[in-house]
Amino acid sequence: MAIIKWHPQASNDMEKIDHSIRIKVFKTIEKLKLDPVAYGNPLGNQSASKLMGFYKITPADGFRIVYTVLNNNELVIIAVVGKRANAMVYKTASKRIATMRELIDEEFVEINKLLSDIEASSTK
């Protein structure tokens with residue numbers, strides 16, 4: 001069974017959604033725990049959105065959940081929950097994912113710097 005993690009802003013998305021839709025979103029996410037790849041539809045890099053490797057699922061008419069699956073289907077990260085209107089949900093997902101990637105890249109730079117410092121000090 002997959003573990004569900006939320007992008008911090010995705011949890012804020014839920015507060016803006018009507019209660020009846022919110023219930024449908026949570027029921028849909030329960031399905032994702034069972035088999036996130038089978039229930040979702042893969043996204044690509046259409047309209048410069050750079051969502052390759054992400055999935056979408058429709059919990060209610062006009063709404064989408066955009067997520068990614070990691071660690072051999074053991075981890076699902078919800079990037080955005082919102083209305084599909086004018087592809088806004090995909091644009092929002094793309095922006096959030098770009099920010100996440102930048103943060104990860106910064107963390108890798110810091111980790112590599114720390115490893116280099118450790119290696120340098122150990123060779124002295």
# chains A, B, ... in the order shown; residues from 1 in each chain; ligands from 1
call {"tool": "select_by_dssp", "arguments": {"residues": "chain A", "states": "helix (DSSP H, G or I)", "output": "PDB file with N, CA and C atoms, in the first residue's frame"}}
result
ATOM      1  N   PRO A   8       3.049  20.986   0.224  1.00  0.00           N
ATOM      2  CA  PRO A   8       2.419  21.904   1.190  1.00  0.00           C
ATOM      3  C   PRO A   8       1.288  22.744   0.594  1.00  0.00           C
ATOM      4  N   GLN A   9       1.457  23.202  -0.628  1.00  0.00           N
ATOM      5  CA  GLN A   9       0.413  24.012  -1.243  1.00  0.00           C
ATOM      6  C   GLN A   9      -0.784  23.166  -1.678  1.00  0.00           C
ATOM      7  N   ALA A  10      -0.568  21.878  -1.931  1.00  0.00           N
ATOM      8  CA  ALA A  10      -1.682  21.009  -2.305  1.00  0.00           C
ATOM      9  C   ALA A  10      -2.643  20.836  -1.144  1.00  0.00           C
ATOM     10  N   SER A  11      -2.107  20.800   0.081  1.00  0.00           N
ATOM     11  CA  SER A  11      -3.025  20.718   1.219  1.00  0.00           C
ATOM     12  C   SER A  11      -3.824  22.006   1.343  1.00  0.00           C
ATOM     13  N   ASN A  12      -3.233  23.126   0.970  1.00  0.00           N
ATOM     14  CA  ASN A  12      -3.982  24.384   0.950  1.00  0.00           C
ATOM     15  C   ASN A  12      -5.067  24.371  -0.122  1.00  0.00           C
ATOM     16  N   ASP A  13      -4.802  23.684  -1.219  1.00  0.00           N
ATOM     17  CA  ASP A  13      -5.811  23.566  -2.291  1.00  0.00           C
ATOM     18  C   ASP A  13      -7.104  22.974  -1.740  1.00  0.00           C
ATOM     19  N   MET A  14      -6.959  22.001  -0.868  1.00  0.00           N
ATOM     20  CA  MET A  14      -8.128  21.306  -0.334  1.00  0.00           C
ATOM     21  C   MET A  14      -9.045  22.238   0.453  1.00  0.00           C
ATOM     22  N   GLU A  15      -8.467  23.227   1.106  1.00  0.00           N
ATOM     23  CA  GLU A  15      -9.273  24.163   1.889  1.00  0.00           C
ATOM     24  C   GLU A  15     -10.171  25.028   1.007  1.00  0.00           C
ATOM     25  N   HIS A  19     -16.946  21.193   0.164  1.00  0.00           N
ATOM     26  CA  HIS A  19     -16.931  19.997   1.017  1.00  0.00           C
ATOM     27  C   HIS A  19     -17.310  18.723   0.244  1.00  0.00           C
ATOM     28  N   SER A  20     -18.317  18.781  -0.600  1.00  0.00           N
ATOM     29  CA  SER A  20     -18.747  17.571  -1.329  1.00  0.00           C
ATOM     30  C   SER A  20     -17.664  17.092  -2.293  1.00  0.00           C
ATOM     31  N   ILE A  21     -16.946  18.028  -2.911  1.00  0.00           N
ATOM     32  CA  ILE A  21     -15.841  17.659  -3.811  1.00  0.00           C
ATOM     33  C   ILE A  21     -14.671  17.135  -2.987  1.00  0.00           C
ATOM     34  N   ARG A  22     -14.428  17.738  -1.851  1.00  0.00           N
ATOM     35  CA  ARG A  22     -13.333  17.315  -0.976  1.00  0.00           C
ATOM     36  C   ARG A  22     -13.488  15.843  -0.582  1.00  0.00           C
ATOM     37  N   ILE A  23     -14.702  15.433  -0.291  1.00  0.00           N
ATOM     38  CA  ILE A  23     -14.963  14.034   0.060  1.00  0.00           C
ATOM     39  C   ILE A  23     -14.602  13.124  -1.109  1.00  0.00           C
ATOM     40  N   LYS A  24     -14.979  13.533  -2.322  1.00  0.00           N
ATOM     41  CA  LYS A  24     -14.647  12.740  -3.517  1.00  0.00           C
ATOM     42  C   LYS A  24     -13.133  12.678  -3.734  1.00  0.00           C
ATOM     43  N   VAL A  25     -12.456  13.775  -3.455  1.00  0.00           N
ATOM     44  CA  VAL A  25     -10.999  13.801  -3.595  1.00  0.00           C
ATOM     45  C   VAL A  25     -10.370  12.793  -2.629  1.00  0.00           C
ATOM     46  N   PHE A  26     -10.804  12.809  -1.380  1.00  0.00           N
ATOM     47  CA  PHE A  26     -10.237  11.874  -0.402  1.00  0.00           C
ATOM     48  C   PHE A  26     -10.539  10.416  -0.760  1.00  0.00           C
ATOM     49  N   LYS A  27     -11.730  10.148  -1.279  1.00  0.00           N
ATOM     50  CA  LYS A  27     -12.057   8.776  -1.705  1.00  0.00           C
ATOM     51  C   LYS A  27     -11.169   8.350  -2.872  1.00  0.00           C
ATOM     52  N   THR A  28     -10.915   9.274  -3.781  1.00  0.00           N
ATOM     53  CA  THR A  28     -10.048   8.978  -4.922  1.00  0.00           C
ATOM     54  C   THR A  28      -8.628   8.713  -4.453  1.00  0.00           C
ATOM     55  N   ILE A  29      -8.167   9.484  -3.502  1.00  0.00           N
ATOM     56  CA  ILE A  29      -6.809   9.302  -2.982  1.00  0.00           C
ATOM     57  C   ILE A  29      -6.679   7.960  -2.272  1.00  0.00           C
ATOM     58  N   GLU A  30      -7.736   7.502  -1.655  1.00  0.00           N
ATOM     59  CA  GLU A  30      -7.710   6.167  -1.042  1.00  0.00           C
ATOM     60  C   GLU A  30      -7.443   5.098  -2.100  1.00  0.00           C
ATOM     61  N   LYS A  31      -8.005   5.266  -3.294  1.00  0.00           N
ATOM     62  CA  LYS A  31      -7.739   4.326  -4.394  1.00  0.00           C
ATOM     63  C   LYS A  31      -6.271   4.371  -4.790  1.00  0.00           C
ATOM     64  N   LEU A  32      -5.694   5.571  -4.786  1.00  0.00           N
ATOM     65  CA  LEU A  32      -4.293   5.710  -5.165  1.00  0.00           C
ATOM     66  C   LEU A  32      -3.378   4.930  -4.233  1.00  0.00           C
ATOM     67  N   LYS A  33      -3.777   4.792  -2.987  1.00  0.00           N
ATOM     68  CA  LYS A  33      -2.972   4.014  -2.041  1.00  0.00           C
ATOM     69  C   LYS A  33      -2.839   2.569  -2.509  1.00  0.00           C
ATOM     70  N   LEU A  34      -3.874   2.062  -3.150  1.00  0.00           N
ATOM     71  CA  LEU A  34      -3.880   0.661  -3.583  1.00  0.00           C
ATOM     72  C   LEU A  34      -3.019   0.439  -4.823  1.00  0.00           C
ATOM     73  N   PRO A  36      -1.409   3.342  -7.452  1.00  0.00           N
ATOM     74  CA  PRO A  36      -1.390   4.695  -8.000  1.00  0.00           C
ATOM     75  C   PRO A  36      -1.189   4.771  -9.505  1.00  0.00           C
ATOM     76  N   VAL A  37      -0.479   3.836 -10.066  1.00  0.00           N
ATOM     77  CA  VAL A  37      -0.229   3.871 -11.505  1.00  0.00           C
ATOM     78  C   VAL A  37      -1.456   3.415 -12.286  1.00  0.00           C
ATOM     79  N   ALA A  38      -2.123   2.384 -11.805  1.00  0.00           N
ATOM     80  CA  ALA A  38      -3.284   1.838 -12.514  1.00  0.00           C
ATOM     81  C   ALA A  38      -4.472   2.799 -12.540  1.00  0.00           C
ATOM     82  N   TYR A  39      -4.650   3.556 -11.473  1.00  0.00           N
ATOM     83  CA  TYR A  39      -5.816   4.436 -11.398  1.00  0.00           C
ATOM     84  C   TYR A  39      -5.624   5.768 -12.121  1.00  0.00           C
ATOM     85  N   GLN A  46       3.271  18.321 -22.512  1.00  0.00           N
ATOM     86  CA  GLN A  46       2.445  19.116 -23.407  1.00  0.00           C
ATOM     87  C   GLN A  46       2.351  20.551 -22.922  1.00  0.00           C
ATOM     88  N   SER A  47       2.254  21.462 -23.849  1.00  0.00           N
ATOM     89  CA  SER A  47       2.090  22.890 -23.554  1.00  0.00           C
ATOM     90  C   SER A  47       3.177  23.402 -22.611  1.00  0.00           C
ATOM     91  N   ALA A  48       4.385  22.906 -22.787  1.00  0.00           N
ATOM     92  CA  ALA A  48       5.531  23.332 -21.970  1.00  0.00           C
ATOM     93  C   ALA A  48       5.290  23.130 -20.471  1.00  0.00           C
ATOM     94  N   ALA A  85     -10.131  23.854 -15.475  1.00  0.00           N
ATOM     95  CA  ALA A  85     -10.454  25.004 -16.320  1.00  0.00           C
ATOM     96  C   ALA A  85      -9.205  25.709 -16.844  1.00  0.00           C
ATOM     97  N   ASN A  86      -9.171  25.870 -18.172  1.00  0.00           N
ATOM     98  CA  ASN A  86      -8.047  26.539 -18.857  1.00  0.00           C
ATOM     99  C   ASN A  86      -6.700  25.889 -18.540  1.00  0.00           C
ATOM    100  N   ALA A  87      -6.727  24.625 -18.211  1.00  0.00           N
ATOM    101  CA  ALA A  87      -5.511  23.862 -17.881  1.00  0.00           C
ATOM    102  C   ALA A  87      -4.751  24.471 -16.702  1.00  0.00           C
ATOM    103  N   MET A  88      -5.431  25.259 -15.887  1.00  0.00           N
ATOM    104  CA  MET A  88      -4.775  25.928 -14.758  1.00  0.00           C
ATOM    105  C   MET A  88      -4.163  24.931 -13.783  1.00  0.00           C
ATOM    106  N   VAL A  89      -4.820  23.817 -13.560  1.00  0.00           N
ATOM    107  CA  VAL A  89      -4.294  22.825 -12.619  1.00  0.00           C
ATOM    108  C   VAL A  89      -2.940  22.297 -13.099  1.00  0.00           C
ATOM    109  N   TYR A  90      -2.769  22.155 -14.411  1.00  0.00           N
ATOM    110  CA  TYR A  90      -1.503  21.665 -14.949  1.00  0.00           C
ATOM    111  C   TYR A  90      -0.417  22.738 -14.887  1.00  0.00           C
ATOM    112  N   LYS A  91      -0.803  23.979 -15.122  1.00  0.00           N
ATOM    113  CA  LYS A  91       0.163  25.082 -15.010  1.00  0.00           C
ATOM    114  C   LYS A  91       0.637  25.224 -13.567  1.00  0.00           C
ATOM    115  N   THR A  92      -0.293  25.116 -12.639  1.00  0.00           N
ATOM    116  CA  THR A  92       0.056  25.201 -11.223  1.00  0.00           C
ATOM    117  C   THR A  92       0.979  24.046 -10.836  1.00  0.00           C
ATOM    118  N   ALA A  93       0.645  22.848 -11.288  1.00  0.00           N
ATOM    119  CA  ALA A  93       1.478  21.678 -10.991  1.00  0.00           C
ATOM    120  C   ALA A  93       2.883  21.874 -11.537  1.00  0.00           C
ATOM    121  N   SER A  94       2.976  22.372 -12.757  1.00  0.00           N
ATOM    122  CA  SER A  94       4.273  22.584 -13.381  1.00  0.00           C
ATOM    123  C   SER A  94       5.125  23.565 -12.574  1.00  0.00           C
ATOM    124  N   LYS A  95       4.517  24.652 -12.104  1.00  0.00           N
ATOM    125  CA  LYS A  95       5.246  25.636 -11.298  1.00  0.00           C
ATOM    126  C   LYS A  95       5.709  25.031  -9.973  1.00  0.00           C
ATOM    127  N   ARG A  96       4.822  24.302  -9.329  1.00  0.00           N
ATOM    128  CA  ARG A  96       5.186  23.689  -8.045  1.00  0.00           C
ATOM    129  C   ARG A  96       6.294  22.666  -8.203  1.00  0.00           C
ATOM    130  N   ILE A  97       6.217  21.895  -9.259  1.00  0.00           N
ATOM    131  CA  ILE A  97       7.224  20.863  -9.507  1.00  0.00           C
ATOM    132  C   ILE A  97       8.566  21.503  -9.821  1.00  0.00           C
ATOM    133  N   ALA A  98       8.556  22.582 -10.601  1.00  0.00           N
ATOM    134  CA  ALA A  98       9.805  23.289 -10.911  1.00  0.00           C
ATOM    135  C   ALA A  98      10.450  23.796  -9.634  1.00  0.00           C
ATOM    136  N   THR A  99       9.644  24.340  -8.733  1.00  0.00           N
ATOM    137  CA  THR A  99      10.162  24.826  -7.450  1.00  0.00           C
ATOM    138  C   THR A  99      10.734  23.676  -6.633  1.00  0.00           C
ATOM    139  N   MET A 100      10.019  22.546  -6.610  1.00  0.00           N
ATOM    140  CA  MET A 100      10.508  21.370  -5.876  1.00  0.00           C
ATOM    141  C   MET A 100      11.846  20.913  -6.452  1.00  0.00           C
ATOM    142  N   ARG A 101      11.956  20.890  -7.772  1.00  0.00           N
ATOM    143  CA  ARG A 101      13.198  20.451  -8.409  1.00  0.00           C
ATOM    144  C   ARG A 101      14.346  21.390  -8.081  1.00  0.00           C
ATOM    145  N   GLU A 102      14.080  22.692  -8.045  1.00  0.00           N
ATOM    146  CA  GLU A 102      15.115  23.665  -7.682  1.00  0.00           C
ATOM    147  C   GLU A 102      15.599  23.423  -6.258  1.00  0.00           C
ATOM    148  N   LEU A 103      14.671  23.186  -5.349  1.00  0.00           N
ATOM    149  CA  LEU A 103      15.048  22.922  -3.962  1.00  0.00           C
ATOM    150  C   LEU A 103      15.885  21.654  -3.845  1.00  0.00           C
ATOM    151  N   ILE A 104      15.483  20.633  -4.577  1.00  0.00           N
ATOM    152  CA  ILE A 104      16.236  19.375  -4.557  1.00  0.00           C
ATOM    153  C   ILE A 104      17.634  19.584  -5.114  1.00  0.00           C
ATOM    154  N   ASP A 105      17.733  20.337  -6.233  1.00  0.00           N
ATOM    155  CA  ASP A 105      19.048  20.624  -6.812  1.00  0.00           C
ATOM    156  C   ASP A 105      19.932  21.373  -5.821  1.00  0.00           C
ATOM    157  N   GLU A 106      19.357  22.352  -5.114  1.00  0.00           N
ATOM    158  CA  GLU A 106      20.109  23.099  -4.107  1.00  0.00           C
ATOM    159  C   GLU A 106      20.588  22.174  -2.985  1.00  0.00           C
ATOM    160  N   GLU A 107      19.725  21.246  -2.580  1.00  0.00           N
ATOM    161  CA  GLU A 107      20.113  20.301  -1.531  1.00  0.00           C
ATOM    162  C   GLU A 107      21.253  19.411  -1.995  1.00  0.00           C
ATOM    163  N   PHE A 108      21.215  18.965  -3.268  1.00  0.00           N
ATOM    164  CA  PHE A 108      22.302  18.134  -3.796  1.00  0.00           C
ATOM    165  C   PHE A 108      23.616  18.911  -3.827  1.00  0.00           C
ATOM    166  N   VAL A 109      23.563  20.187  -4.184  1.00  0.00           N
ATOM    167  CA  VAL A 109      24.769  21.014  -4.188  1.00  0.00           C
ATOM    168  C   VAL A 109      25.345  21.085  -2.777  1.00  0.00           C
ATOM    169  N   GLU A 110      24.488  21.315  -1.787  1.00  0.00           N
ATOM    170  CA  GLU A 110      24.942  21.384  -0.395  1.00  0.00           C
ATOM    171  C   GLU A 110      25.521  20.047   0.072  1.00  0.00           C
ATOM    172  N   ILE A 111      24.852  18.965  -0.279  1.00  0.00           N
ATOM    173  CA  ILE A 111      25.338  17.635   0.111  1.00  0.00           C
ATOM    174  C   ILE A 111      26.698  17.364  -0.527  1.00  0.00           C
ATOM    175  N   ASN A 112      26.832  17.673  -1.812  1.00  0.00           N
ATOM    176  CA  ASN A 112      28.114  17.462  -2.493  1.00  0.00           C
ATOM    177  C   ASN A 112      29.214  18.313  -1.878  1.00  0.00           C
ATOM    178  N   LYS A 113      28.882  19.533  -1.480  1.00  0.00           N
ATOM    179  CA  LYS A 113      29.861  20.404  -0.834  1.00  0.00           C
ATOM    180  C   LYS A 113      30.300  19.799   0.499  1.00  0.00           C
ATOM    181  N   LEU A 114      29.324  19.331   1.282  1.00  0.00           N
ATOM    182  CA  LEU A 114      29.658  18.694   2.564  1.00  0.00           C
ATOM    183  C   LEU A 114      30.522  17.453   2.363  1.00  0.00           C
ATOM    184  N   LEU A 115      30.181  16.638   1.370  1.00  0.00           N
ATOM    185  CA  LEU A 115      30.975  15.436   1.101  1.00  0.00           C
ATOM    186  C   LEU A 115      32.392  15.792   0.667  1.00  0.00           C
ATOM    187  N   SER A 116      32.517  16.831  -0.140  1.00  0.00           N
ATOM    188  CA  SER A 116      33.848  17.277  -0.561  1.00  0.00           C
ATOM    189  C   SER A 116      34.660  17.769   0.627  1.00  0.00           C
ATOM    190  N   ASP A 117      34.012  18.522   1.527  1.00  0.00           N
ATOM    191  CA  ASP A 117      34.692  19.012   2.728  1.00  0.00           C
ATOM    192  C   ASP A 117      35.146  17.845   3.603  1.00  0.00           C
ATOM    193  N   ILE A 118      34.281  16.855   3.752  1.00  0.00           N
ATOM    194  CA  ILE A 118      34.636  15.669   4.558  1.00  0.00           C
ATOM    195  C   ILE A 118      35.791  14.924   3.916  1.00  0.00           C
ATOM    196  N   GLU A 119      35.719  14.766   2.601  1.00  0.00           N
ATOM    197  CA  GLU A 119      36.777  14.044   1.888  1.00  0.00           C
ATOM    198  C   GLU A 119      38.097  14.793   1.999  1.00  0.00           C
ATOM    199  N   ALA A 120      38.036  16.111   1.854  1.00  0.00           N
ATOM    200  CA  ALA A 120      39.250  16.927   1.959  1.00  0.00           C
ATOM    201  C   ALA A 120      39.869  16.848   3.349  1.00  0.00           C
ATOM    202  N   SER A 121      39.029  16.889   4.356  1.00  0.00           N
ATOM    203  CA  SER A 121      39.552  16.837   5.734  1.00  0.00           C
ATOM    204  C   SER A 121      40.070  15.448   6.096  1.00  0.00           C
ATOM    205  N   SER A 122      39.534  14.422   5.470  1.00  0.00           N
ATOM    206  CA  SER A 122      39.989  13.066   5.792  1.00  0.00           C
ATOM    207  C   SER A 122      41.303  12.723   5.083  1.00  0.00           C
TER     208      SER A 122
END
call {"tool": "residues_around", "arguments": {"residues": "Gly62 in chain A", "least_positions_apart": "6", "cutoff": "10 Å", "atoms": "only C-alpha atoms", "output": "list of chain:residue names"}}
result
A:Gly82, A:Lys83, A:Arg84, A:Ala85
call {"tool": "write_last_selection", "arguments": {"atoms": "N, CA and C atoms", "output": "PDB file, in the first residue's frame"}}
result
ATOM      1  N   GLY A  82      -7.189  20.641  -8.071  1.00  0.00           N
ATOM      2  CA  GLY A  82      -7.917  21.831  -8.490  1.00  0.00           C
ATOM      3  C   GLY A  82      -8.747  21.620  -9.733  1.00  0.00           C
ATOM      4  N   LYS A  83      -9.339  22.717 -10.175  1.00  0.00           N
ATOM      5  CA  LYS A  83     -10.170  22.690 -11.376  1.00  0.00           C
ATOM      6  C   LYS A  83      -9.287  22.632 -12.609  1.00  0.00           C
ATOM      7  N   ARG A  84      -9.772  21.919 -13.596  1.00  0.00           N
ATOM      8  CA  ARG A  84      -9.041  21.773 -14.834  1.00  0.00           C
ATOM      9  C   ARG A  84      -9.171  23.018 -15.706  1.00  0.00           C
ATOM     10  N   ALA A  85     -10.131  23.854 -15.475  1.00  0.00           N
ATOM     11  CA  ALA A  85     -10.454  25.004 -16.320  1.00  0.00           C
ATOM     12  C   ALA A  85      -9.205  25.709 -16.844  1.00  0.00           C
TER      13      ALA A  85
END
call {"tool": "closest_residue", "arguments": {"among": "A:Val69, A:Lys16, A:Thr123, A:Arg64", "to": "Met52 in chain A", "atoms": "only C-alpha atoms"}}
result
A:Val69
call {"tool": "select_by_dssp", "arguments": {"residues": "chain A", "states": "strand (DSSP E or B)", "output": "PyMOL selection string"}}
result
chain A and resi 3-6+41-42+54-57+63-70+75-83
call {"tool": "atom_distance", "arguments": {"atom1": "CA of Ala2 in chain A", "atom2": "CA of Pro42 in chain A"}}
result
17.5 Å
call {"tool": "atom_distance", "arguments": {"atom1": "CA of Asp61 in chain A", "atom2": "CA of Glu74 in chain A"}}
result
27.6 Å
